[in-house]
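Structure file input07.cif; described as mmCIF, C-alpha atoms and all ligand atoms.
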```
data_data
#
loop_
_atom_site.group_PDB
_atom_site.id
_atom_site.type_symbol
_atom_site.label_atom_id
_atom_site.label_comp_id
_atom_site.auth_asym_id
_atom_site.auth_seq_id
_atom_site.Cartn_x
_atom_site.Cartn_y
_atom_site.Cartn_z
ATOM 1 C CA MET U 1 -230.475 6.770 146.344
ATOM 2 C CA HIS U 2 -229.783 7.087 142.578
ATOM 3 C CA PHE U 3 -232.287 4.471 141.480
ATOM 4 C CA LYS U 4 -236.036 4.610 141.067
ATOM 5 C CA VAL U 5 -238.462 2.252 142.806
ATOM 6 C CA GLU U 6 -241.955 1.706 141.429
ATOM 7 C CA GLN U 7 -244.845 -0.479 142.478
ATOM 8 C CA LEU U 8 -245.522 -3.697 140.602
ATOM 9 C CA PRO U 9 -248.618 -3.205 138.406
ATOM 10 C CA GLY U 10 -251.723 -4.618 140.062
ATOM 11 C CA ARG U 11 -249.991 -5.652 143.313
ATOM 12 C CA THR U 12 -249.890 -3.659 146.532
ATOM 13 C CA GLU U 13 -248.561 -6.191 149.059
ATOM 14 C CA PHE U 14 -245.323 -7.287 147.402
ATOM 15 C CA GLY U 15 -242.910 -6.610 144.551
ATOM 16 C CA ALA U 16 -241.039 -3.607 143.184
ATOM 17 C CA ILE U 17 -239.618 -2.372 139.905
ATOM 18 C CA VAL U 18 -236.143 -0.819 140.066
ATOM 19 C CA ARG U 19 -235.031 1.520 137.274
ATOM 20 C CA ASP U 20 -231.917 3.590 136.616
ATOM 21 C CA LEU U 21 -229.579 1.379 138.632
ATOM 22 C CA ALA U 22 -226.077 1.783 137.186
ATOM 23 C CA PRO U 23 -224.218 -1.561 137.293
ATOM 24 C CA GLU U 24 -220.932 0.238 138.031
ATOM 25 C CA SER U 25 -222.478 1.650 141.236
ATOM 26 C CA LEU U 26 -223.200 -1.804 142.717
ATOM 27 C CA SER U 27 -220.034 -1.680 144.817
ATOM 28 C CA ASP U 28 -221.430 1.228 146.897
ATOM 29 C CA PRO U 29 -222.195 -0.195 150.384
ATOM 30 C CA ALA U 30 -225.120 2.200 151.010
ATOM 31 C CA LYS U 31 -226.716 1.237 147.717
ATOM 32 C CA ARG U 32 -226.187 -2.471 148.393
ATOM 33 C CA LYS U 33 -227.875 -2.154 151.779
ATOM 34 C CA ALA U 34 -230.808 -0.190 150.327
ATOM 35 C CA LEU U 35 -231.339 -2.858 147.653
ATOM 36 C CA TYR U 36 -231.087 -5.686 150.201
ATOM 37 C CA ASP U 37 -233.614 -3.998 152.502
ATOM 38 C CA LEU U 38 -235.984 -3.450 149.571
ATOM 39 C CA TRP U 39 -235.736 -7.162 148.694
ATOM 40 C CA ILE U 40 -236.554 -8.273 152.250
ATOM 41 C CA ASP U 41 -239.450 -5.812 152.402
ATOM 42 C CA ARG U 42 -241.004 -6.536 148.976
ATOM 43 C CA GLY U 43 -239.918 -10.143 148.172
ATOM 44 C CA LEU U 44 -239.607 -9.628 144.397
ATOM 45 C CA ILE U 45 -237.642 -7.057 142.394
ATOM 46 C CA ILE U 46 -237.788 -6.519 138.630
ATOM 47 C CA PHE U 47 -234.579 -4.742 137.612
ATOM 48 C CA LYS U 48 -234.955 -2.876 134.316
ATOM 49 C CA ASN U 49 -232.206 -2.295 131.735
ATOM 50 C CA MET U 50 -229.667 -4.722 133.181
ATOM 51 C CA GLU U 51 -227.721 -7.143 130.993
ATOM 52 C CA GLY U 52 -224.776 -9.505 130.794
ATOM 53 C CA ILE U 53 -223.242 -12.226 132.899
ATOM 54 C CA ASN U 54 -220.939 -9.894 134.878
ATOM 55 C CA THR U 55 -223.810 -7.650 135.993
ATOM 56 C CA HIS U 56 -225.847 -10.778 136.722
ATOM 57 C CA LEU U 57 -223.172 -12.117 139.102
ATOM 58 C CA GLU U 58 -222.403 -8.723 140.678
ATOM 59 C CA LEU U 59 -226.091 -7.985 141.259
ATOM 60 C CA SER U 60 -226.583 -11.443 142.807
ATOM 61 C CA SER U 61 -223.732 -10.773 145.257
ATOM 62 C CA VAL U 62 -225.661 -7.808 146.705
ATOM 63 C CA PHE U 63 -228.160 -10.241 148.215
ATOM 64 C CA GLY U 64 -225.845 -12.983 149.453
ATOM 65 C CA GLU U 65 -223.232 -15.339 148.164
ATOM 66 C CA PRO U 66 -223.945 -16.814 144.717
ATOM 67 C CA GLU U 67 -223.514 -20.599 145.036
ATOM 68 C CA GLU U 68 -223.446 -23.626 142.763
ATOM 69 C CA HIS U 69 -226.838 -25.332 142.583
ATOM 70 C CA PRO U 70 -226.677 -28.329 144.982
ATOM 71 C CA LEU U 71 -227.990 -30.783 142.385
ATOM 72 C CA LEU U 72 -225.174 -29.797 140.018
ATOM 73 C CA ARG U 73 -222.374 -30.306 142.554
ATOM 74 C CA GLY U 74 -220.094 -33.062 141.401
ATOM 75 C CA VAL U 75 -222.035 -33.428 138.134
ATOM 76 C CA ASP U 76 -219.943 -33.327 134.975
ATOM 77 C CA MET U 77 -222.073 -31.090 132.747
ATOM 78 C CA PRO U 78 -220.950 -28.237 130.490
ATOM 79 C CA ARG U 79 -222.170 -24.825 131.676
ATOM 80 C CA GLU U 80 -221.581 -21.147 130.878
ATOM 81 C CA HIS U 81 -220.378 -20.554 134.463
ATOM 82 C CA LYS U 82 -220.265 -22.702 137.603
ATOM 83 C CA LEU U 83 -222.570 -20.278 139.448
ATOM 84 C CA ILE U 84 -225.182 -20.079 136.681
ATOM 85 C CA ILE U 85 -227.857 -22.574 135.699
ATOM 86 C CA ASP U 86 -229.226 -22.759 132.165
ATOM 87 C CA ILE U 87 -232.982 -22.775 131.945
ATOM 88 C CA ALA U 88 -233.725 -23.742 128.363
ATOM 89 C CA ASP U 89 -237.259 -24.325 127.150
ATOM 90 C CA GLY U 90 -237.887 -26.052 123.866
ATOM 91 C CA ILE U 91 -234.171 -26.127 122.977
ATOM 92 C CA ASP U 92 -230.742 -27.099 124.257
ATOM 93 C CA VAL U 93 -227.634 -25.041 124.984
ATOM 94 C CA ARG U 94 -224.329 -26.495 123.776
ATOM 95 C CA SER U 95 -221.192 -26.546 125.924
ATOM 96 C CA ASP U 96 -219.843 -23.444 124.163
ATOM 97 C CA GLY U 97 -222.981 -21.489 125.068
ATOM 98 C CA THR U 98 -224.536 -21.560 121.589
ATOM 99 C CA ILE U 99 -228.026 -22.890 121.052
ATOM 100 C CA ASP U 100 -228.817 -26.264 119.563
ATOM 101 C CA TYR U 101 -232.196 -25.698 117.962
ATOM 102 C CA GLU U 102 -232.399 -29.260 116.673
ATOM 103 C CA SER U 103 -232.178 -31.136 119.960
ATOM 104 C CA ASP U 104 -235.558 -30.228 121.466
ATOM 105 C CA GLU U 105 -234.014 -30.890 124.852
ATOM 106 C CA SER U 106 -236.918 -30.012 127.103
ATOM 107 C CA ASP U 107 -239.629 -31.428 129.283
ATOM 108 C CA VAL U 108 -243.035 -31.568 127.636
ATOM 109 C CA TYR U 109 -246.284 -31.760 129.561
ATOM 110 C CA GLU U 110 -249.935 -31.680 128.723
ATOM 111 C CA ILE U 111 -251.240 -28.951 131.007
ATOM 112 C CA ASP U 112 -254.667 -27.305 130.974
ATOM 113 C CA GLY U 113 -255.408 -28.957 127.624
ATOM 114 C CA GLU U 114 -252.207 -27.808 125.832
ATOM 115 C CA LEU U 115 -248.737 -29.211 125.159
ATOM 116 C CA ARG U 116 -246.141 -27.023 126.904
ATOM 117 C CA ALA U 117 -242.337 -27.192 126.958
ATOM 118 C CA ALA U 118 -240.652 -26.643 130.342
ATOM 119 C CA PHE U 119 -243.724 -25.868 132.365
ATOM 120 C CA LEU U 120 -242.943 -25.649 136.106
ATOM 121 C CA PRO U 121 -245.714 -25.837 138.712
ATOM 122 C CA TRP U 122 -245.754 -23.586 141.806
ATOM 123 C CA HIS U 123 -242.768 -24.405 143.992
ATOM 124 C CA THR U 124 -240.051 -23.229 146.362
ATOM 125 C CA ASP U 125 -236.524 -23.905 145.101
ATOM 126 C CA LEU U 126 -234.614 -26.612 147.000
ATOM 127 C CA VAL U 127 -237.467 -27.342 149.415
ATOM 128 C CA TYR U 128 -236.708 -31.044 148.897
ATOM 129 C CA VAL U 129 -233.467 -30.637 150.892
ATOM 130 C CA ASP U 130 -233.024 -29.202 154.379
ATOM 131 C CA GLU U 131 -231.188 -26.017 153.388
ATOM 132 C CA ILE U 132 -233.316 -23.743 151.203
ATOM 133 C CA ASN U 133 -231.380 -21.107 149.245
ATOM 134 C CA HIS U 134 -232.338 -17.505 149.959
ATOM 135 C CA GLY U 135 -233.058 -16.488 146.399
ATOM 136 C CA GLY U 136 -232.053 -16.276 142.789
ATOM 137 C CA ILE U 137 -231.866 -13.891 139.858
ATOM 138 C CA ILE U 138 -233.082 -14.832 136.385
ATOM 139 C CA ARG U 139 -231.698 -13.216 133.223
ATOM 140 C CA PRO U 140 -233.245 -13.838 129.801
ATOM 141 C CA VAL U 141 -231.058 -14.730 126.829
ATOM 142 C CA THR U 142 -233.640 -15.779 124.228
ATOM 143 C CA LEU U 143 -237.287 -14.881 124.785
ATOM 144 C CA PRO U 144 -240.121 -16.843 123.185
ATOM 145 C CA LYS U 145 -242.529 -15.455 120.623
ATOM 146 C CA ASN U 146 -245.375 -16.057 123.052
ATOM 147 C CA ASP U 147 -245.932 -16.887 126.703
ATOM 148 C CA GLY U 148 -242.950 -17.898 128.868
ATOM 149 C CA GLN U 149 -244.104 -15.840 131.864
ATOM 150 C CA THR U 150 -242.779 -16.544 135.354
ATOM 151 C CA GLY U 151 -245.410 -16.513 138.101
ATOM 152 C CA PHE U 152 -244.880 -15.294 141.678
ATOM 153 C CA ILE U 153 -247.102 -15.503 144.782
ATOM 154 C CA ASP U 154 -246.169 -13.858 148.070
ATOM 155 C CA GLN U 155 -246.515 -16.338 150.918
ATOM 156 C CA ILE U 156 -246.664 -13.484 153.467
ATOM 157 C CA GLU U 157 -249.700 -12.027 151.690
ATOM 158 C CA ALA U 158 -251.187 -15.532 151.359
ATOM 159 C CA TYR U 159 -250.767 -16.122 155.105
ATOM 160 C CA SER U 160 -252.414 -12.793 155.927
ATOM 161 C CA ARG U 161 -255.472 -13.863 153.914
ATOM 162 C CA LEU U 162 -255.835 -17.348 155.445
ATOM 163 C CA PRO U 163 -259.187 -18.126 157.047
ATOM 164 C CA ARG U 164 -258.624 -17.984 160.810
ATOM 165 C CA ASP U 165 -259.567 -21.641 161.447
ATOM 166 C CA LEU U 166 -257.074 -22.888 158.837
ATOM 167 C CA ALA U 167 -254.356 -20.556 160.197
ATOM 168 C CA GLU U 168 -254.872 -21.956 163.690
ATOM 169 C CA ARG U 169 -254.927 -25.547 162.395
ATOM 170 C CA ILE U 170 -251.577 -25.323 160.595
ATOM 171 C CA GLU U 171 -249.684 -23.163 163.131
ATOM 172 C CA ASN U 172 -247.402 -25.890 164.514
ATOM 173 C CA LEU U 173 -247.456 -28.402 161.667
ATOM 174 C CA SER U 174 -244.585 -29.365 159.379
ATOM 175 C CA VAL U 175 -244.653 -30.537 155.764
ATOM 176 C CA ILE U 176 -242.669 -33.469 154.396
ATOM 177 C CA TYR U 177 -241.234 -33.010 150.884
ATOM 178 C CA ARG U 178 -240.008 -35.491 148.325
ATOM 179 C CA TYR U 179 -238.174 -34.615 145.107
ATOM 180 C CA VAL U 180 -240.412 -35.781 142.261
ATOM 181 C CA VAL U 181 -238.958 -34.660 138.960
ATOM 182 C CA ASP U 182 -242.049 -35.545 136.904
ATOM 183 C CA ALA U 183 -244.527 -32.789 137.823
ATOM 184 C CA SER U 184 -247.467 -34.896 136.604
ATOM 185 C CA LYS U 185 -246.759 -37.177 139.583
ATOM 186 C CA ALA U 186 -247.016 -34.337 142.127
ATOM 187 C CA LYS U 187 -249.704 -34.840 144.761
ATOM 188 C CA TYR U 188 -250.769 -31.193 145.047
ATOM 189 C CA GLY U 189 -250.936 -27.903 143.211
ATOM 190 C CA TRP U 190 -250.942 -27.103 139.483
ATOM 191 C CA VAL U 191 -250.471 -30.682 138.283
ATOM 192 C CA PRO U 192 -250.120 -31.442 134.540
ATOM 193 C CA GLN U 193 -252.421 -34.123 133.147
ATOM 194 C CA LYS U 194 -249.594 -35.953 131.450
ATOM 195 C CA CYS U 195 -245.801 -35.973 131.049
ATOM 196 C CA LEU U 196 -244.749 -36.666 127.458
ATOM 197 C CA LYS U 197 -240.997 -36.117 127.811
ATOM 198 C CA LEU U 198 -238.454 -35.453 130.548
ATOM 199 C CA ARG U 199 -234.921 -34.205 130.106
ATOM 200 C CA ALA U 200 -232.271 -36.821 130.780
ATOM 201 C CA LYS U 201 -230.465 -34.244 132.950
ATOM 202 C CA LEU U 202 -233.451 -34.032 135.271
ATOM 203 C CA MET U 203 -233.746 -37.780 135.540
ATOM 204 C CA MET U 204 -230.102 -37.762 136.643
ATOM 205 C CA ALA U 205 -230.948 -35.150 139.282
ATOM 206 C CA GLU U 206 -233.495 -37.490 140.817
ATOM 207 C CA LYS U 207 -230.710 -39.953 141.528
ATOM 208 C CA HIS U 208 -228.525 -37.324 143.248
ATOM 209 C CA ASN U 209 -227.526 -38.249 146.795
ATOM 210 C CA SER U 210 -228.878 -35.005 148.268
ATOM 211 C CA VAL U 211 -232.496 -35.951 147.427
ATOM 212 C CA ARG U 212 -232.509 -39.554 148.595
ATOM 213 C CA SER U 213 -234.219 -38.618 151.858
ATOM 214 C CA ARG U 214 -237.385 -36.644 152.436
ATOM 215 C CA SER U 215 -237.024 -33.109 153.853
ATOM 216 C CA ILE U 216 -239.225 -31.490 156.489
ATOM 217 C CA HIS U 217 -240.058 -27.778 156.833
ATOM 218 C CA PRO U 218 -242.429 -25.861 159.147
ATOM 219 C CA MET U 219 -245.754 -24.912 157.545
ATOM 220 C CA VAL U 220 -245.630 -21.448 159.118
ATOM 221 C CA TYR U 221 -242.666 -19.373 160.250
ATOM 222 C CA ALA U 222 -241.993 -15.692 160.953
ATOM 223 C CA GLN U 223 -239.683 -13.672 158.701
ATOM 224 C CA GLU U 224 -236.550 -12.650 160.576
ATOM 225 C CA GLY U 225 -236.597 -8.987 161.538
ATOM 226 C CA THR U 226 -240.186 -8.191 160.541
ATOM 227 C CA ARG U 227 -241.889 -11.167 162.288
ATOM 228 C CA ARG U 228 -244.381 -11.326 159.394
ATOM 229 C CA LYS U 229 -245.731 -14.868 159.094
ATOM 230 C CA VAL U 230 -245.102 -16.908 155.942
ATOM 231 C CA LEU U 231 -247.394 -19.663 154.594
ATOM 232 C CA ASN U 232 -244.382 -21.899 154.033
ATOM 233 C CA VAL U 233 -245.696 -24.561 151.651
ATOM 234 C CA SER U 234 -244.315 -25.603 148.275
ATOM 235 C CA PRO U 235 -247.128 -27.240 146.245
ATOM 236 C CA TRP U 236 -244.764 -29.205 143.966
ATOM 237 C CA PHE U 237 -242.781 -31.697 146.121
ATOM 238 C CA ALA U 238 -245.219 -31.528 149.092
ATOM 239 C CA ASN U 239 -245.871 -35.080 150.182
ATOM 240 C CA ALA U 240 -247.580 -35.122 153.583
ATOM 241 C CA ILE U 241 -247.886 -33.493 156.968
ATOM 242 C CA GLU U 242 -245.408 -34.831 159.501
ATOM 243 C CA GLY U 243 -247.087 -37.164 161.998
ATOM 244 C CA MET U 244 -250.325 -37.009 159.984
ATOM 245 C CA GLU U 245 -249.708 -39.152 156.910
ATOM 246 C CA ASN U 246 -253.384 -39.887 156.508
ATOM 247 C CA GLU U 247 -256.556 -38.469 154.962
ATOM 248 C CA THR U 248 -256.911 -35.763 157.627
ATOM 249 C CA GLY U 249 -253.363 -34.492 157.096
ATOM 250 C CA ASP U 250 -253.698 -34.661 153.313
ATOM 251 C CA ALA U 251 -256.929 -32.620 153.454
ATOM 252 C CA ILE U 252 -255.270 -29.883 155.550
ATOM 253 C CA LEU U 253 -252.303 -29.751 153.187
ATOM 254 C CA LYS U 254 -254.614 -29.592 150.170
ATOM 255 C CA ALA U 255 -256.663 -26.744 151.700
ATOM 256 C CA ALA U 256 -253.523 -24.720 152.499
ATOM 257 C CA ILE U 257 -252.129 -25.238 148.974
ATOM 258 C CA GLU U 258 -255.403 -24.376 147.249
ATOM 259 C CA HIS U 259 -255.504 -21.161 149.264
ATOM 260 C CA LEU U 260 -251.869 -20.336 148.407
ATOM 261 C CA ILE U 261 -252.215 -20.721 144.629
ATOM 262 C CA ARG U 262 -255.430 -18.751 144.236
ATOM 263 C CA PRO U 263 -255.165 -16.885 140.906
ATOM 264 C CA ASP U 264 -255.930 -13.531 142.561
ATOM 265 C CA LEU U 265 -252.675 -13.755 144.573
ATOM 266 C CA ALA U 266 -250.473 -14.357 141.516
ATOM 267 C CA TYR U 267 -248.326 -11.986 139.486
ATOM 268 C CA PHE U 268 -247.099 -13.314 136.122
ATOM 269 C CA HIS U 269 -244.060 -11.502 134.794
ATOM 270 C CA LYS U 270 -243.959 -10.935 131.040
ATOM 271 C CA TRP U 271 -240.257 -10.740 130.265
ATOM 272 C CA GLN U 272 -238.490 -7.929 128.404
ATOM 273 C CA PRO U 273 -234.961 -8.516 127.010
ATOM 274 C CA GLU U 274 -233.080 -6.432 129.618
ATOM 275 C CA ASP U 275 -234.969 -7.499 132.749
ATOM 276 C CA MET U 276 -233.327 -9.260 135.664
ATOM 277 C CA VAL U 277 -235.738 -10.665 138.233
ATOM 278 C CA LEU U 278 -234.810 -11.363 141.854
ATOM 279 C CA TRP U 279 -237.050 -13.202 144.290
ATOM 280 C CA ASP U 280 -236.861 -14.135 147.958
ATOM 281 C CA ASN U 281 -237.169 -17.910 147.855
ATOM 282 C CA TRP U 282 -238.019 -17.981 151.573
ATOM 283 C CA ARG U 283 -241.365 -16.282 150.890
ATOM 284 C CA MET U 284 -242.158 -16.276 147.134
ATOM 285 C CA THR U 285 -243.542 -19.413 145.545
ATOM 286 C CA HIS U 286 -243.032 -19.340 141.780
ATOM 287 C CA SER U 287 -244.003 -21.135 138.576
ATOM 288 C CA ALA U 288 -243.274 -21.101 134.835
ATOM 289 C CA LYS U 289 -246.080 -21.174 132.282
ATOM 290 C CA GLY U 290 -243.727 -22.710 129.722
ATOM 291 C CA VAL U 291 -243.894 -22.234 125.973
ATOM 292 C CA ALA U 292 -245.308 -23.961 122.891
ATOM 293 C CA THR U 293 -243.165 -26.956 121.951
ATOM 294 C CA ASP U 294 -241.883 -25.231 118.786
ATOM 295 C CA ASP U 295 -241.054 -21.947 120.561
ATOM 296 C CA HIS U 296 -237.675 -21.043 122.084
ATOM 297 C CA ARG U 297 -236.744 -19.594 125.456
ATOM 298 C CA VAL U 298 -233.353 -19.532 127.195
ATOM 299 C CA MET U 299 -232.850 -18.050 130.657
ATOM 300 C CA LYS U 300 -229.899 -18.039 133.065
ATOM 301 C CA ARG U 301 -230.302 -18.219 136.835
ATOM 302 C CA THR U 302 -228.063 -17.660 139.831
ATOM 303 C CA THR U 303 -228.613 -19.322 143.206
ATOM 304 C CA ILE U 304 -228.128 -17.043 146.230
ATOM 305 C CA ALA U 305 -226.934 -19.030 149.238
ATOM 306 C CA GLY U 306 -228.408 -18.922 152.710
ATOM 307 C CA ASP U 307 -230.183 -21.074 155.234
ATOM 308 C CA TYR U 308 -233.240 -20.147 157.241
ATOM 309 C CA ALA U 309 -232.192 -23.012 159.525
ATOM 310 C CA LEU U 310 -235.672 -24.487 159.966
ATOM 311 C CA GLY U 311 -235.364 -27.451 157.595
ATOM 312 C CA ARG U 312 -234.551 -31.042 158.497
ATOM 313 C CA VAL U 313 -233.900 -34.283 156.664
ATOM 314 C CA GLU U 314 -235.837 -37.459 157.371
ATOM 315 C CA GLY U 315 -234.001 -40.745 157.538
ATOM 316 C CA ALA U 316 -236.310 -42.613 155.148
ATOM 317 C CA GLU U 317 -235.527 -43.387 151.515
ATOM 318 C CA ALA U 318 -237.137 -40.811 149.243
ATOM 319 C CA PHE U 319 -238.489 -42.881 146.366
ATOM 320 C CA PRO U 320 -240.907 -45.736 146.454
ATOM 321 C CA ASP U 321 -240.887 -47.675 143.201
ATOM 322 C CA GLU U 322 -244.134 -46.205 141.848
ATOM 323 C CA LEU U 323 -242.519 -42.732 141.689
ATOM 324 C CA ARG U 324 -239.448 -43.823 139.772
ATOM 325 C CA ILE U 325 -239.219 -42.679 136.162
ATOM 326 C CA GLU U 326 -239.573 -45.341 133.524
ATOM 327 C CA VAL U 327 -236.654 -44.766 131.191
HETATM 328 FE FE FE X 401 -237.681 -22.431 140.837
#
```
Write out the structure in this file as structure tokens.
Amino acid sequence: MHFKVEQLPGRTEFGAIVRDLAPESLSDPAKRKALYDLWIDRGLIIFKNMEGINTHLELSSVFGEPEEHPLLRGVDMPREHKLIIDIADGIDVRSDGTIDYESDESDVYEIDGELRAAFLPWHTDLVYVDEINHGGIIRPVTLPKNDGQTGFIDQIEAYSRLPRDLAERIENLSVIYRYVVDASKAKYGWVPQKCLKLRAKLMMAEKHNSVRSRSIHPMVYAQEGTRRKVLNVSPWFANAIEGMENETGDAILKAAIEHLIRPDLAYFHKWQPEDMVLWDNWRMTHSAKGVATDDHRVMKRTTIAGDYALGRVEGAEAFPDELRIEV
């Protein structure tokens, strides 16, 4: 197949490392199919020795159609490319793509006793709308001196390890999600103790029309083709169980989330300069450890379109006053 596949260190149930993939061979239909099938099977692929925006976009197209991030649609904000999101920790990226080291344009949280720039708790991308994108690929531009790992947990593996009584309890339940930009206000998961600073751009996102209503997704579903069951819960943004917005529902949701984010299920990727990392957003919850506030990290991400067609939007307004950001 002209590329090498290796197992992810320490993980048997998910993930793969792909080496020796020549970017100029990405137009080969057989190779594209083999890579797509590997992604569906393993959920997470670390591509080694890949670089540059053109390879980033071409590689993304193997797995679906790269799309503009929904929260950036109609937003007038300078970007390197319409189909690429800047993920900048501890710093800001100017409109011409250069780095503004002075701006300190980042979120800052107190988490586990430390100040961290651009920490992200465990989450599924776009779970706060009805249509969840199929995946994304991250490419590093500037790596930090320390930390900056991206965490991944396979929700198929997590489901397979659920205690039977909890699996039976959640089988036909659905979770309601609400976009809460300040992670310290999340109800569940890896919640920071305090938010010291939020990017203005993110506060704008919270006002975007697409997140004004709550979204609803099934707590369990079967992966198309393989019928493997997925523990389909995003800790960040989870708000309640549909039809059970009470202590009983909250306790079930909490138990499922605590099971999902057990440290023994997690793989934290330590980035190398020429890595590109692809995940299946329909089954891999992910997180970012963030960096020290004086460290620098810039990553670029594509959004791979798709719809698993199980999400819905609730009619209610998304934000009660107590969750609004004080500016
Ligand atoms: Fe994400």
Inset, instruction - Name the residues that the PyMOL selection byres (((chain U and resi 136) around 6) and not hetatm) picks from the file above, as number ranges by chain, using the file's chain letters and numbers. - result: U: 135, 137, 278, 302-304
Inset, instruction - Counting only C-alpha atoms and all ligand atoms, figure out which residue out of U:Thr124, U:Asn232, U:Ser174, U:Thr226 gets nearest to ligand FE 401 (chain X). - result: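 Among the listed residues, the smallest separation from ligand FE 401 (chain X) belongs to U:Thr124.
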Legend entry - Two-atom distance - CA of Asn239 (chain U), CA of Ser213 (chain U) (Å):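 The value is 12.3 Å.
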Inset, instruction - Name the residues in contact with Arg42 (chain U) at a cut-off of 8 Å, using only C-alpha atoms, excluding same-chain residues fewer than 4 positions from it; report them as a list in words. - result: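 Result of the neighbour search: Glu13, Phe14, Gly15, Ala16 and Leu38 of chain U.
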Inset, instruction - Kindly resolve the PyMOL selection byres (((chain U and resi 51) around 8) and not hetatm) on the present coordinates and return the residues as a list in words. - result: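 For this structure, the PyMOL selection byres (((chain U and resi 51) around 8) and not hetatm) captures Asn49, Met50, Gly52, Ile53, Thr55, His56, Arg139, Glu274, Asp275 and Met276 of chain U.
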Legend entry - Picked residues, the PyMOL selection byres (((not hetatm)) within 7 of (chain X and resi 401)), expected as number ranges by chain: U: 123-125, 286-287
Inset, instruction - Could you check which of U:Tyr36, U:Tyr188, U:Phe47, U:Phe63 is closest to Phe3 (chain U), using only C-alpha atoms? - result: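 Among the listed residues, U:Phe47 lies closest to Phe3 (chain U).
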Inset, instruction - Rank nothing, just name the residue among U:Met299, U:Val211, U:Ala238, U:Leu44 nearest to Met284 (chain U), using all atoms listed in the file. - result: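 Comparing U:Met299, U:Val211, U:Ala238, U:Leu44 against Met284 (chain U), the winner is U:Leu44.
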Legend entry - Which residue of U:Asp307, U:Asp295, U:Glu314, U:Asp112 approaches Leu143 (chain U) most closely, using only C-alpha atoms: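 Result for the nearest residue to Leu143 (chain U): U:Asp295.
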Legend entry - Residue among U:Val191, U:Ile216, U:Leu196, U:Leu231 lying closest to Ile156 (chain U), counting all atoms listed in the file: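 Nearest candidate to Ile156 (chain U) out of U:Val191, U:Ile216, U:Leu196, U:Leu231: U:Leu231.
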Legend entry - Given all atoms listed in the file as the counted atoms, nearest of U:Ile46, U:Leu253, U:Ala240, U:Val313 to Gln272 (chain U):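 The closest residue to Gln272 (chain U) is U:Ile46.
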Got a sec: who's within 9 Å of Ile257 (chain U), counting only C-alpha atoms, leaving out chain neighbours fewer than 6 positions off, as a tab-separated table (two decimals) with C-alpha atoms, in the frame of the given file?
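Output file result09.tsv follows:
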```
chain	number	residue	atom	x	y	z
U	188	TYR	CA	-250.77	-31.19	145.05
U	189	GLY	CA	-250.94	-27.90	143.21
U	233	VAL	CA	-245.70	-24.56	151.65
U	234	SER	CA	-244.32	-25.60	148.28
U	235	PRO	CA	-247.13	-27.24	146.24
```
Inset, instruction - Please measure the separation of CA of Val175 (chain U) and CA of Asn246 (chain U), giving the value in Å to one decimal. - result: 12.8 Å
Legend entry - Between CA of Tyr109 (chain U) and CA of Gln193 (chain U) - distance in Å to one decimal: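 Interatomic distance here is 7.5 Å.
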Inset, instruction - Taking (-227.2, 0.6, 140.9) in the file's own coordinates, collect the residues within 10 Å, counting all atoms listed in the file, and hand them back as a list of chain:residue names. - result: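 Protein, DNA and RNA residues close to (-227.2, 0.6, 140.9): U:Met1, U:His2, U:Phe3, U:Lys4, U:Val18, U:Arg19, U:Asp20, U:Leu21, U:Ala22, U:Pro23, U:Glu24, U:Ser25, U:Leu26, U:Ser27, U:Asp28, U:Lys31, U:Arg32, U:Leu35, U:Phe47, U:Met50, U:Leu59.
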